[in-house]
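start.cif (mmCIF, C-alpha atoms and all ligand atoms) appears below.
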```
data_upload
#
loop_
_atom_site.group_PDB
_atom_site.id
_atom_site.type_symbol
_atom_site.label_atom_id
_atom_site.label_comp_id
_atom_site.auth_asym_id
_atom_site.auth_seq_id
_atom_site.Cartn_x
_atom_site.Cartn_y
_atom_site.Cartn_z
ATOM 1 C CA MET A 1 85.675 78.690 105.838
ATOM 2 C CA ASP A 2 83.244 77.078 103.443
ATOM 3 C CA VAL A 3 81.800 79.791 101.173
ATOM 4 C CA THR A 4 79.468 77.494 99.220
ATOM 5 C CA GLY A 5 76.045 79.084 98.840
ATOM 6 C CA SER A 6 77.121 82.324 100.509
ATOM 7 C CA THR A 7 76.914 85.834 99.065
ATOM 8 C CA ALA A 8 80.206 87.697 98.868
ATOM 9 C CA LEU A 9 80.482 91.423 98.214
ATOM 10 C CA ILE A 10 83.815 92.522 96.797
ATOM 11 C CA THR A 11 84.691 96.192 96.372
ATOM 12 C CA GLY A 12 87.239 97.105 93.721
ATOM 13 C CA ALA A 13 86.265 94.013 91.752
ATOM 14 C CA SER A 14 86.856 95.510 88.292
ATOM 15 C CA GLY A 15 90.527 94.510 88.214
ATOM 16 C CA GLY A 16 93.615 93.393 90.098
ATOM 17 C CA ILE A 17 93.299 91.693 93.465
ATOM 18 C CA GLY A 18 89.519 92.265 93.759
ATOM 19 C CA ALA A 19 88.761 90.599 90.420
ATOM 20 C CA GLY A 20 90.980 87.662 91.412
ATOM 21 C CA ILE A 21 89.255 87.227 94.774
ATOM 22 C CA ALA A 22 85.756 87.519 93.233
ATOM 23 C CA THR A 23 86.531 84.915 90.574
ATOM 24 C CA ALA A 24 87.983 82.511 93.141
ATOM 25 C CA LEU A 25 85.067 82.954 95.559
ATOM 26 C CA ALA A 26 82.589 82.148 92.773
ATOM 27 C CA ALA A 27 84.668 79.119 91.775
ATOM 28 C CA ARG A 28 84.244 77.888 95.368
ATOM 29 C CA GLY A 29 80.470 78.269 95.192
ATOM 30 C CA ALA A 30 79.722 81.826 96.324
ATOM 31 C CA ASP A 31 77.353 84.252 94.628
ATOM 32 C CA VAL A 32 79.148 87.548 94.160
ATOM 33 C CA VAL A 33 78.301 91.244 94.251
ATOM 34 C CA LEU A 34 80.872 93.203 92.282
ATOM 35 C CA VAL A 35 81.398 96.886 93.092
ATOM 36 C CA ALA A 36 83.685 99.438 91.386
ATOM 37 C CA ARG A 37 83.368 102.385 88.993
ATOM 38 C CA ARG A 38 84.107 100.728 85.628
ATOM 39 C CA ALA A 39 80.799 99.106 84.679
ATOM 40 C CA ASP A 40 82.138 97.473 81.485
ATOM 41 C CA GLU A 41 84.908 95.676 83.366
ATOM 42 C CA LEU A 42 82.454 94.517 86.028
ATOM 43 C CA GLU A 43 79.943 93.263 83.419
ATOM 44 C CA ALA A 44 82.678 91.316 81.616
ATOM 45 C CA LEU A 45 83.862 89.747 84.866
ATOM 46 C CA ALA A 46 80.278 88.899 85.896
ATOM 47 C CA ALA A 47 79.565 87.253 82.532
ATOM 48 C CA GLY A 48 82.714 85.118 82.863
ATOM 49 C CA ILE A 49 81.819 84.135 86.431
ATOM 50 C CA ARG A 50 78.240 83.145 85.469
ATOM 51 C CA ALA A 51 79.507 81.103 82.490
ATOM 52 C CA ARG A 52 82.287 79.315 84.370
ATOM 53 C CA SER A 53 80.810 78.772 87.827
ATOM 54 C CA GLY A 54 77.046 79.042 87.294
ATOM 55 C CA ARG A 55 76.911 81.361 90.310
ATOM 56 C CA ARG A 56 74.946 84.595 90.432
ATOM 57 C CA ALA A 57 76.934 87.787 89.889
ATOM 58 C CA LEU A 58 75.387 91.182 90.586
ATOM 59 C CA VAL A 59 77.129 94.257 89.196
ATOM 60 C CA VAL A 60 77.020 97.528 91.171
ATOM 61 C CA PRO A 61 78.851 100.291 89.297
ATOM 62 C CA LEU A 62 79.578 102.962 91.884
ATOM 63 C CA ASP A 63 82.153 105.527 92.935
ATOM 64 C CA LEU A 64 82.980 104.521 96.505
ATOM 65 C CA SER A 65 84.887 107.714 97.249
ATOM 66 C CA THR A 66 81.722 109.702 97.949
ATOM 67 C CA PRO A 67 80.336 110.104 101.476
ATOM 68 C CA ASP A 68 77.037 108.324 100.708
ATOM 69 C CA ALA A 69 78.654 105.358 98.923
ATOM 70 C CA GLY A 70 77.925 102.813 101.667
ATOM 71 C CA ALA A 71 74.219 103.669 101.695
ATOM 72 C CA ARG A 72 74.089 103.370 97.898
ATOM 73 C CA VAL A 73 75.696 99.926 97.989
ATOM 74 C CA GLN A 74 73.138 98.767 100.539
ATOM 75 C CA GLU A 75 70.314 100.224 98.446
ATOM 76 C CA ALA A 76 71.586 98.388 95.350
ATOM 77 C CA LEU A 77 71.422 95.103 97.268
ATOM 78 C CA GLY A 78 67.689 95.534 97.886
ATOM 79 C CA GLY A 79 67.695 93.668 101.199
ATOM 80 C CA ARG A 80 69.955 90.821 100.068
ATOM 81 C CA SER A 81 72.296 89.806 102.908
ATOM 82 C CA VAL A 82 76.057 89.663 102.652
ATOM 83 C CA ASP A 83 77.945 86.739 104.190
ATOM 84 C CA VAL A 84 81.469 87.680 103.114
ATOM 85 C CA LEU A 85 82.489 91.336 102.792
ATOM 86 C CA VAL A 86 85.807 92.028 101.082
ATOM 87 C CA ASN A 87 86.766 95.687 101.444
ATOM 88 C CA ASN A 88 89.384 95.746 98.732
ATOM 89 C CA ALA A 89 88.819 98.960 96.717
ATOM 90 C CA GLY A 90 91.637 101.408 97.287
ATOM 91 C CA PHE A 91 94.271 103.505 95.599
ATOM 92 C CA GLY A 92 97.471 105.295 96.485
ATOM 93 C CA LEU A 93 98.936 108.709 95.735
ATOM 94 C CA SER A 94 102.696 109.048 95.867
ATOM 95 C CA GLY A 95 104.720 112.235 96.171
ATOM 96 C CA ARG A 96 105.397 114.604 99.044
ATOM 97 C CA LEU A 97 102.125 115.619 100.652
ATOM 98 C CA ALA A 98 102.919 119.315 100.195
ATOM 99 C CA ASP A 99 103.275 118.731 96.438
ATOM 100 C CA THR A 100 99.802 117.159 96.033
ATOM 101 C CA PRO A 101 98.518 118.606 92.755
ATOM 102 C CA ASP A 102 94.834 117.896 93.358
ATOM 103 C CA LEU A 103 93.530 118.004 96.912
ATOM 104 C CA SER A 104 90.190 116.507 95.896
ATOM 105 C CA ARG A 105 92.060 113.317 94.899
ATOM 106 C CA LEU A 106 93.661 113.238 98.343
ATOM 107 C CA GLY A 107 90.240 113.517 99.994
ATOM 108 C CA ALA A 108 88.806 110.859 97.685
ATOM 109 C CA MET A 109 91.633 108.482 98.639
ATOM 110 C CA VAL A 110 91.028 108.871 102.360
ATOM 111 C CA THR A 111 87.249 108.532 101.886
ATOM 112 C CA LEU A 112 87.640 105.387 99.790
ATOM 113 C CA ASN A 113 90.432 103.713 101.777
ATOM 114 C CA CYS A 114 89.094 104.586 105.248
ATOM 115 C CA THR A 115 85.572 106.037 105.432
ATOM 116 C CA THR A 116 83.744 103.776 102.980
ATOM 117 C CA LEU A 117 85.549 100.695 104.286
ATOM 118 C CA THR A 118 84.450 101.540 107.833
ATOM 119 C CA ASP A 119 80.912 102.399 106.727
ATOM 120 C CA LEU A 120 80.434 99.150 104.784
ATOM 121 C CA THR A 121 81.809 97.135 107.677
ATOM 122 C CA ALA A 122 79.444 98.833 110.127
ATOM 123 C CA ARG A 123 76.504 98.254 107.755
ATOM 124 C CA PHE A 124 76.999 94.542 107.100
ATOM 125 C CA LEU A 125 78.622 93.312 110.320
ATOM 126 C CA PRO A 126 75.484 93.496 112.552
ATOM 127 C CA ALA A 127 73.512 91.006 110.407
ATOM 128 C CA MET A 128 76.511 88.652 110.343
ATOM 129 C CA LEU A 129 76.689 88.826 114.133
ATOM 130 C CA GLU A 130 72.961 88.104 114.364
ATOM 131 C CA ARG A 131 73.409 85.029 112.155
ATOM 132 C CA GLY A 132 76.562 84.026 114.036
ATOM 133 C CA SER A 133 78.488 83.518 110.812
ATOM 134 C CA GLY A 134 80.238 85.419 108.054
ATOM 135 C CA ALA A 135 83.495 87.210 107.367
ATOM 136 C CA VAL A 136 84.897 90.674 106.789
ATOM 137 C CA VAL A 137 88.313 90.846 105.135
ATOM 138 C CA ASN A 138 89.809 94.314 104.867
ATOM 139 C CA ILE A 139 92.656 94.759 102.435
ATOM 140 C CA ALA A 140 95.419 96.744 104.145
ATOM 141 C CA SER A 141 99.029 96.858 102.935
ATOM 142 C CA MET A 142 102.641 96.360 104.019
ATOM 143 C CA ALA A 143 102.655 100.183 103.866
ATOM 144 C CA ALA A 144 100.467 100.079 106.990
ATOM 145 C CA TYR A 145 103.341 98.934 109.173
ATOM 146 C CA LEU A 146 105.668 101.968 109.050
ATOM 147 C CA PRO A 147 105.253 105.637 108.159
ATOM 148 C CA ALA A 148 106.152 106.104 104.493
ATOM 149 C CA PRO A 149 107.593 109.489 103.518
ATOM 150 C CA GLY A 150 106.666 110.033 99.876
ATOM 151 C CA PHE A 151 103.586 107.839 100.316
ATOM 152 C CA ALA A 152 102.505 109.355 103.631
ATOM 153 C CA ALA A 153 98.709 109.639 103.369
ATOM 154 C CA TYR A 154 98.327 106.279 101.619
ATOM 155 C CA ALA A 155 100.405 104.485 104.280
ATOM 156 C CA ALA A 156 98.463 106.289 107.019
ATOM 157 C CA SER A 157 95.155 105.245 105.442
ATOM 158 C CA LYS A 158 96.298 101.623 105.478
ATOM 159 C CA ALA A 159 97.524 101.951 109.094
ATOM 160 C CA PHE A 160 93.938 103.023 109.842
ATOM 161 C CA VAL A 161 92.616 99.876 108.134
ATOM 162 C CA LEU A 162 95.025 97.695 110.091
ATOM 163 C CA SER A 163 94.239 99.257 113.474
ATOM 164 C CA LEU A 164 90.474 99.254 112.875
ATOM 165 C CA THR A 165 90.502 95.621 111.822
ATOM 166 C CA GLU A 166 92.667 94.440 114.708
ATOM 167 C CA ALA A 167 90.239 96.041 117.154
ATOM 168 C CA LEU A 168 87.219 94.566 115.332
ATOM 169 C CA TRP A 169 88.822 91.129 115.469
ATOM 170 C CA ALA A 170 88.851 91.455 119.248
ATOM 171 C CA GLU A 171 85.294 92.847 119.336
ATOM 172 C CA THR A 172 83.945 89.901 117.339
ATOM 173 C CA ARG A 173 85.867 86.984 118.871
ATOM 174 C CA GLY A 174 83.678 84.039 119.765
ATOM 175 C CA THR A 175 80.739 85.289 117.652
ATOM 176 C CA GLY A 176 81.266 82.988 114.690
ATOM 177 C CA VAL A 177 82.128 85.978 112.499
ATOM 178 C CA ARG A 178 85.647 86.219 111.147
ATOM 179 C CA VAL A 179 87.241 89.675 110.837
ATOM 180 C CA ALA A 180 90.775 90.055 109.504
ATOM 181 C CA ALA A 181 93.105 92.361 107.614
ATOM 182 C CA LEU A 182 95.074 91.026 104.684
ATOM 183 C CA SER A 183 98.173 93.008 103.779
ATOM 184 C CA PRO A 184 99.526 92.495 100.277
ATOM 185 C CA THR A 185 102.981 93.760 99.393
ATOM 186 C CA VAL A 186 103.956 94.937 95.934
ATOM 187 C CA THR A 187 101.626 93.006 93.626
ATOM 188 C CA GLU A 188 101.339 92.893 89.838
ATOM 189 C CA THR A 189 98.138 94.926 89.266
ATOM 190 C CA GLY A 190 97.172 98.350 87.946
ATOM 191 C CA PHE A 191 97.904 99.847 91.388
ATOM 192 C CA PHE A 192 101.171 101.560 90.407
ATOM 193 C CA ASP A 193 99.661 103.001 87.205
ATOM 194 C CA VAL A 194 97.557 105.090 89.585
ATOM 195 C CA ALA A 195 99.970 105.536 92.509
ATOM 196 C CA GLY A 196 103.026 106.244 90.360
ATOM 197 C CA GLN A 197 105.455 103.574 89.178
ATOM 198 C CA ALA A 198 108.341 104.906 91.303
ATOM 199 C CA ALA A 199 106.541 103.838 94.494
ATOM 200 C CA GLY A 200 107.066 100.185 93.573
ATOM 201 C CA ALA A 201 110.188 100.462 91.444
ATOM 202 C CA GLY A 202 112.828 97.783 91.903
ATOM 203 C CA LEU A 203 110.704 95.696 94.252
ATOM 204 C CA ARG A 204 109.841 92.092 93.498
ATOM 205 C CA ARG A 205 106.154 91.789 92.641
ATOM 206 C CA ARG A 206 103.792 89.117 93.907
ATOM 207 C CA SER A 207 101.104 87.764 91.600
ATOM 208 C CA VAL A 208 97.359 88.214 92.071
ATOM 209 C CA GLU A 209 97.110 84.390 92.313
ATOM 210 C CA GLN A 210 99.475 84.406 95.299
ATOM 211 C CA VAL A 211 97.408 87.090 97.058
ATOM 212 C CA VAL A 212 94.191 85.176 96.313
ATOM 213 C CA ALA A 213 95.681 82.040 97.912
ATOM 214 C CA THR A 214 96.591 84.111 100.979
ATOM 215 C CA PHE A 215 93.041 85.512 101.020
ATOM 216 C CA PHE A 216 91.670 81.989 101.547
ATOM 217 C CA ASP A 217 94.295 81.368 104.258
ATOM 218 C CA THR A 218 93.016 84.559 105.882
ATOM 219 C CA LEU A 219 89.439 83.233 105.875
ATOM 220 C CA ASP A 220 90.630 80.087 107.637
ATOM 221 C CA ALA A 221 93.122 81.519 110.133
ATOM 222 C CA ASP A 222 92.008 82.800 113.518
ATOM 223 C CA ARG A 223 94.311 85.807 113.363
ATOM 224 C CA PRO A 224 93.596 89.545 113.094
ATOM 225 C CA VAL A 225 96.268 90.205 110.482
ATOM 226 C CA VAL A 226 97.737 88.173 107.664
ATOM 227 C CA VAL A 227 100.549 89.341 105.384
ATOM 228 C CA ASP A 228 100.910 87.941 101.879
ATOM 229 C CA GLY A 229 104.147 85.948 101.603
ATOM 230 C CA ARG A 230 106.155 84.287 104.356
ATOM 231 C CA ARG A 231 109.147 86.641 104.039
ATOM 232 C CA ASN A 232 106.852 89.653 104.151
ATOM 233 C CA GLU A 233 105.139 88.246 107.237
ATOM 234 C CA VAL A 234 108.528 88.286 109.010
ATOM 235 C CA LEU A 235 109.299 91.803 107.720
ATOM 236 C CA ALA A 236 105.933 93.084 108.969
ATOM 237 C CA ALA A 237 106.474 91.550 112.408
ATOM 238 C CA THR A 238 109.991 92.992 112.576
ATOM 239 C CA SER A 239 108.846 96.436 111.492
ATOM 240 C CA ARG A 240 106.762 96.681 114.654
ATOM 241 C CA LEU A 241 110.038 96.677 116.617
ATOM 242 C CA VAL A 242 111.731 99.405 114.556
ATOM 243 C CA PRO A 243 112.273 102.633 116.524
ATOM 244 C CA ARG A 244 110.418 105.268 114.527
ATOM 245 C CA THR A 245 112.579 108.370 114.903
ATOM 246 C CA PRO A 246 115.931 106.844 113.825
ATOM 247 C CA PHE A 247 114.115 105.044 111.000
ATOM 248 C CA LEU A 248 112.586 108.288 109.747
ATOM 249 C CA ARG A 249 115.890 110.194 110.148
ATOM 250 C CA VAL A 250 117.915 107.697 108.161
ATOM 251 C CA LEU A 251 115.535 106.267 105.581
ATOM 252 C CA GLY A 252 112.819 108.934 105.415
ATOM 253 C CA PRO A 253 114.570 111.352 103.038
ATOM 254 C CA ARG A 254 115.587 108.470 100.747
ATOM 255 C CA PHE A 255 112.005 107.194 100.578
ATOM 256 C CA ALA A 256 110.644 110.656 99.834
ATOM 257 C CA ASP A 257 113.223 111.215 97.063
ATOM 258 C CA ARG A 258 112.353 107.930 95.351
ATOM 259 C CA VAL A 259 108.823 108.827 94.448
ATOM 260 C CA SER A 260 107.761 110.745 91.390
ATOM 261 C CA THR A 261 104.685 112.735 90.442
ATOM 262 C CA PRO A 262 101.642 110.442 90.535
ATOM 263 C CA ALA A 263 99.997 109.444 87.272
ATOM 264 C CA ALA A 264 96.519 110.821 86.537
ATOM 265 C CA HIS A 265 93.528 108.431 86.697
HETATM 266 N N1 LIG B 1 99.093 96.141 94.104
HETATM 267 C C1 LIG B 1 99.814 96.371 95.180
HETATM 268 O O1 LIG B 1 101.062 96.400 95.117
HETATM 269 C C2 LIG B 1 99.151 96.544 96.520
HETATM 270 C C3 LIG B 1 99.949 96.445 97.658
HETATM 271 C C4 LIG B 1 99.355 96.599 98.910
HETATM 272 C C5 LIG B 1 97.998 96.832 99.021
HETATM 273 N N2 LIG B 1 97.235 96.927 97.886
HETATM 274 C C6 LIG B 1 95.803 97.193 98.054
HETATM 275 O O2 LIG B 1 95.072 96.202 97.376
HETATM 276 C C7 LIG B 1 93.789 96.722 97.026
HETATM 277 C C8 LIG B 1 93.499 96.369 95.560
HETATM 278 O O3 LIG B 1 94.413 97.062 94.738
HETATM 279 P P1 LIG B 1 94.998 96.439 93.384
HETATM 280 O O4 LIG B 1 96.434 96.195 93.604
HETATM 281 O O5 LIG B 1 94.156 95.320 92.902
HETATM 282 O O6 LIG B 1 94.891 97.720 92.449
HETATM 283 P P2 LIG B 1 94.033 97.995 91.124
HETATM 284 O O7 LIG B 1 94.315 96.955 90.106
HETATM 285 O O8 LIG B 1 94.311 99.432 90.792
HETATM 286 O O9 LIG B 1 92.529 97.825 91.613
HETATM 287 C C9 LIG B 1 91.901 98.785 92.423
HETATM 288 C C10 LIG B 1 90.410 98.510 92.438
HETATM 289 O O10 LIG B 1 89.784 99.534 93.245
HETATM 290 C C11 LIG B 1 88.734 100.115 92.490
HETATM 291 N N3 LIG B 1 88.550 101.515 92.810
HETATM 292 C C12 LIG B 1 89.469 102.521 92.761
HETATM 293 N N4 LIG B 1 88.886 103.702 93.045
HETATM 294 C C13 LIG B 1 87.567 103.438 93.268
HETATM 295 C C14 LIG B 1 86.438 104.236 93.581
HETATM 296 N N5 LIG B 1 86.545 105.571 93.728
HETATM 297 N N6 LIG B 1 85.229 103.647 93.709
HETATM 298 C C15 LIG B 1 85.103 102.304 93.551
HETATM 299 N N7 LIG B 1 86.128 101.486 93.260
HETATM 300 C C16 LIG B 1 87.352 102.044 93.119
HETATM 301 C C17 LIG B 1 89.175 99.973 91.028
HETATM 302 O O11 LIG B 1 88.038 99.971 90.186
HETATM 303 P P3 LIG B 1 87.533 101.182 89.255
HETATM 304 O O12 LIG B 1 88.743 101.895 88.735
HETATM 305 O O13 LIG B 1 86.718 100.485 88.204
HETATM 306 O O14 LIG B 1 86.687 102.022 90.151
HETATM 307 C C18 LIG B 1 89.816 98.590 91.055
HETATM 308 O O15 LIG B 1 88.821 97.604 90.897
HETATM 309 C C19 LIG B 1 93.829 98.220 97.326
HETATM 310 O O16 LIG B 1 93.170 98.480 98.541
HETATM 311 C C20 LIG B 1 95.312 98.504 97.457
HETATM 312 O O17 LIG B 1 95.569 99.612 98.297
HETATM 313 C C21 LIG B 1 97.783 96.779 96.653
#
```

Go ahead and express the file in the form of structure tokens.
Ligand SMILES: NC(=O)c1ccc[n+]([C@@H]2O[C@H](COP(=O)([O-])OP(=O)(O)OC[C@H]3O[C@@H](n4cnc5c(N)ncnc54)[C@H](OP(=O)(O)O)[C@@H]3O)[C@@H](O)[C@H]2O)c1
Amino acid sequence: MDVTGSTALITGASGGIGAGIATALAARGADVVLVARRADELEALAAGIRARSGRRALVVPLDLSTPDAGARVQEALGGRSVDVLVNNAGFGLSGRLADTPDLSRLGAMVTLNCTTLTDLTARFLPAMLERGSGAVVNIASMAAYLPAPGFAAYAASKAFVLSLTEALWAETRGTGVRVAALSPTVTETGFFDVAGQAAGAGLRRRSVEQVVATFFDTLDADRPVVVDGRRNEVLAATSRLVPRTPFLRVLGPRFADRVSTPAAH
């Protein structure tokens, strides 16, 4: 997909995968709208993008874990249309669900990972369909493919993203609008500082650059789901065949034991 001259809105653009995708979209000729809470990080990224690519970069500092977040994003745009929506903002909480120290954080995670993503998609998709062009890429996770004891609500939130996006892919086929879910695996970002380092301990990490390359493959492929990394693609496909109960009996307790208390953020 040629993004030259388009406007791309990226949530969670203040760091990690979102910052990488925003920078790369601008380098390919897109104007960008950068949304996240940390205004300073967004301003610094926007200044770099303007200097390097000459593209416009609008900063929208906002907490997307509140129920009215989608409406506030739309308000901040002041009628400007969005051609490429990247629902990337998200965080994880590890630990047994019953041990959750702060239930408001749990609610915020589900609102951010599921509700706001759905709301933003429903807000911006109709205009794309009217124009007969555009793209929505929802960032899911490998954690979406199997229940994850010790990371239960996060994995369930990403299973929601995957299922929603697969259905939307079918709803929008033949319209000229591309809808897809991109599932990263363990990636070198600040994600585990928030989720708890134990959740990703001992696993090989992918780089943001690798995920960004897969993001552009996702824009080009006519597939509902793309997994970052060829090996992970096979693992994700295989996981769909795994019988759930034996899996949970054998590996569930081990998974749950691995995780530690989540870090504060
Ligand atoms: N890294 C991995 O291993 C991995 C694996 C699979 C899937 N993912 C998914 O990839 C996506 C990007 O994560 P990342 O790895 O790049 O992690 P990250 O470096 O922690 O970035 C997360 C981004 O989300 C934003 N965010 C968090 N809470 C927010 C809120 N309440 N309102 C608005 N923005 C918020 C953060 O910005 P502020 O803090 O400034 O708000 C930040 O820009 C997430 O959806 C994550 O679930 C990551």

Apply the PyMOL selection byres (((not hetatm)) within 6 of (chain B and resi 1)) to the displayed file and report the matching residues as a PyMOL selection string. chain A and resi 12-18+36-38+62-65+88-91+139-141+184-191

Residues from last step as file, C-alpha atoms, as a PDB file, in the coordinates of the input:
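The result, stored in result18.pdb:
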```
ATOM      1  CA  GLY A  12      87.239  97.105  93.721  1.00  0.00           C
ATOM      2  CA  ALA A  13      86.265  94.013  91.752  1.00  0.00           C
ATOM      3  CA  SER A  14      86.856  95.510  88.292  1.00  0.00           C
ATOM      4  CA  GLY A  15      90.527  94.510  88.214  1.00  0.00           C
ATOM      5  CA  GLY A  16      93.615  93.393  90.098  1.00  0.00           C
ATOM      6  CA  ILE A  17      93.299  91.693  93.465  1.00  0.00           C
ATOM      7  CA  GLY A  18      89.519  92.265  93.759  1.00  0.00           C
ATOM      8  CA  ALA A  36      83.685  99.438  91.386  1.00  0.00           C
ATOM      9  CA  ARG A  37      83.368 102.385  88.993  1.00  0.00           C
ATOM     10  CA  ARG A  38      84.107 100.728  85.628  1.00  0.00           C
ATOM     11  CA  LEU A  62      79.578 102.962  91.884  1.00  0.00           C
ATOM     12  CA  ASP A  63      82.153 105.527  92.935  1.00  0.00           C
ATOM     13  CA  LEU A  64      82.980 104.521  96.505  1.00  0.00           C
ATOM     14  CA  SER A  65      84.887 107.714  97.249  1.00  0.00           C
ATOM     15  CA  ASN A  88      89.384  95.746  98.732  1.00  0.00           C
ATOM     16  CA  ALA A  89      88.819  98.960  96.717  1.00  0.00           C
ATOM     17  CA  GLY A  90      91.637 101.408  97.287  1.00  0.00           C
ATOM     18  CA  PHE A  91      94.271 103.505  95.599  1.00  0.00           C
ATOM     19  CA  ILE A 139      92.656  94.759 102.435  1.00  0.00           C
ATOM     20  CA  ALA A 140      95.419  96.744 104.145  1.00  0.00           C
ATOM     21  CA  SER A 141      99.029  96.858 102.935  1.00  0.00           C
ATOM     22  CA  PRO A 184      99.526  92.495 100.277  1.00  0.00           C
ATOM     23  CA  THR A 185     102.981  93.760  99.393  1.00  0.00           C
ATOM     24  CA  VAL A 186     103.956  94.937  95.934  1.00  0.00           C
ATOM     25  CA  THR A 187     101.626  93.006  93.626  1.00  0.00           C
ATOM     26  CA  GLU A 188     101.339  92.893  89.838  1.00  0.00           C
ATOM     27  CA  THR A 189      98.138  94.926  89.266  1.00  0.00           C
ATOM     28  CA  GLY A 190      97.172  98.350  87.946  1.00  0.00           C
ATOM     29  CA  PHE A 191      97.904  99.847  91.388  1.00  0.00           C
TER      30      PHE A 191
END
```

Just so the selection is clear, what residues does the PyMOL selection byres (((chain A and resi 135) around 12) and not hetatm) cover here, as a VMD selection string? chain A and resid 1 to 3 6 to 10 82 to 87 121 124 to 129 131 to 134 136 to 138 165 168 to 169 172 to 173 175 to 181 215 to 216 218 to 222 224

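We find CA of Leu25 in chain A and CA of Ala44 in chain A to be spaced 16.4 Å apart.
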
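Between Ile49 in chain A and the residues A:Ala153, A:Ala201, A:Ala27, A:Leu164, the shortest atom-to-atom distance, using only C-alpha atoms, involves A:Ala27.
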
Once the PyMOL selection byres (((chain A and resi 94) around 12) and not hetatm) is applied to the coordinates I shared, what remains selected? I want it as a PyMOL selection string. chain A and resi 91-93+95-101+105-106+109+143+148-155+191-200+255-264

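The residue that comes closest to Ala22 in chain A, out of A:Ser53, A:Asp40, A:Phe247, A:Arg205 and on the basis of only C-alpha atoms, is A:Ser53.
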
Generate the coordinates of N, CA and C atoms for range 149-166 of chain A; report them as a compact mmCIF listing (two decimals), in the frame of the given file.
```txt
# COMPACT_ATOMS: atom_id res chain seq x y z
N PRO A 149 107.38 108.19 104.16
CA PRO A 149 107.59 109.49 103.52
C PRO A 149 107.56 109.32 102.00
N GLY A 150 106.84 110.17 101.32
CA GLY A 150 106.67 110.03 99.88
C GLY A 150 105.41 109.26 99.52
N PHE A 151 104.81 108.63 100.52
CA PHE A 151 103.59 107.84 100.32
C PHE A 151 102.76 107.99 101.60
N ALA A 152 102.91 109.16 102.23
CA ALA A 152 102.50 109.36 103.63
C ALA A 152 101.02 109.10 103.88
N ALA A 153 100.15 109.75 103.09
CA ALA A 153 98.71 109.64 103.37
C ALA A 153 98.20 108.24 103.03
N TYR A 154 98.75 107.65 101.97
CA TYR A 154 98.33 106.28 101.62
C TYR A 154 98.70 105.32 102.76
N ALA A 155 99.96 105.40 103.21
CA ALA A 155 100.40 104.48 104.28
C ALA A 155 99.57 104.72 105.54
N ALA A 156 99.27 105.98 105.83
CA ALA A 156 98.46 106.29 107.02
C ALA A 156 97.04 105.73 106.86
N SER A 157 96.51 105.78 105.65
CA SER A 157 95.16 105.24 105.44
C SER A 157 95.15 103.74 105.67
N LYS A 158 96.23 103.07 105.29
CA LYS A 158 96.30 101.62 105.48
C LYS A 158 96.60 101.26 106.94
N ALA A 159 97.32 102.16 107.65
CA ALA A 159 97.52 101.95 109.09
C ALA A 159 96.17 102.04 109.81
N PHE A 160 95.31 102.92 109.31
CA PHE A 160 93.94 103.02 109.84
C PHE A 160 93.21 101.69 109.65
N VAL A 161 93.30 101.15 108.44
CA VAL A 161 92.62 99.88 108.13
C VAL A 161 93.12 98.77 109.07
N LEU A 162 94.44 98.74 109.25
CA LEU A 162 95.02 97.70 110.09
C LEU A 162 94.54 97.82 111.54
N SER A 163 94.62 99.03 112.08
CA SER A 163 94.24 99.26 113.47
C SER A 163 92.75 98.98 113.69
N LEU A 164 91.92 99.49 112.78
CA LEU A 164 90.47 99.25 112.88
C LEU A 164 90.18 97.76 112.90
N THR A 165 90.82 97.04 111.99
CA THR A 165 90.50 95.62 111.82
C THR A 165 90.99 94.79 113.01
N GLU A 166 92.17 95.15 113.52
CA GLU A 166 92.67 94.44 114.71
C GLU A 166 91.69 94.59 115.87
```
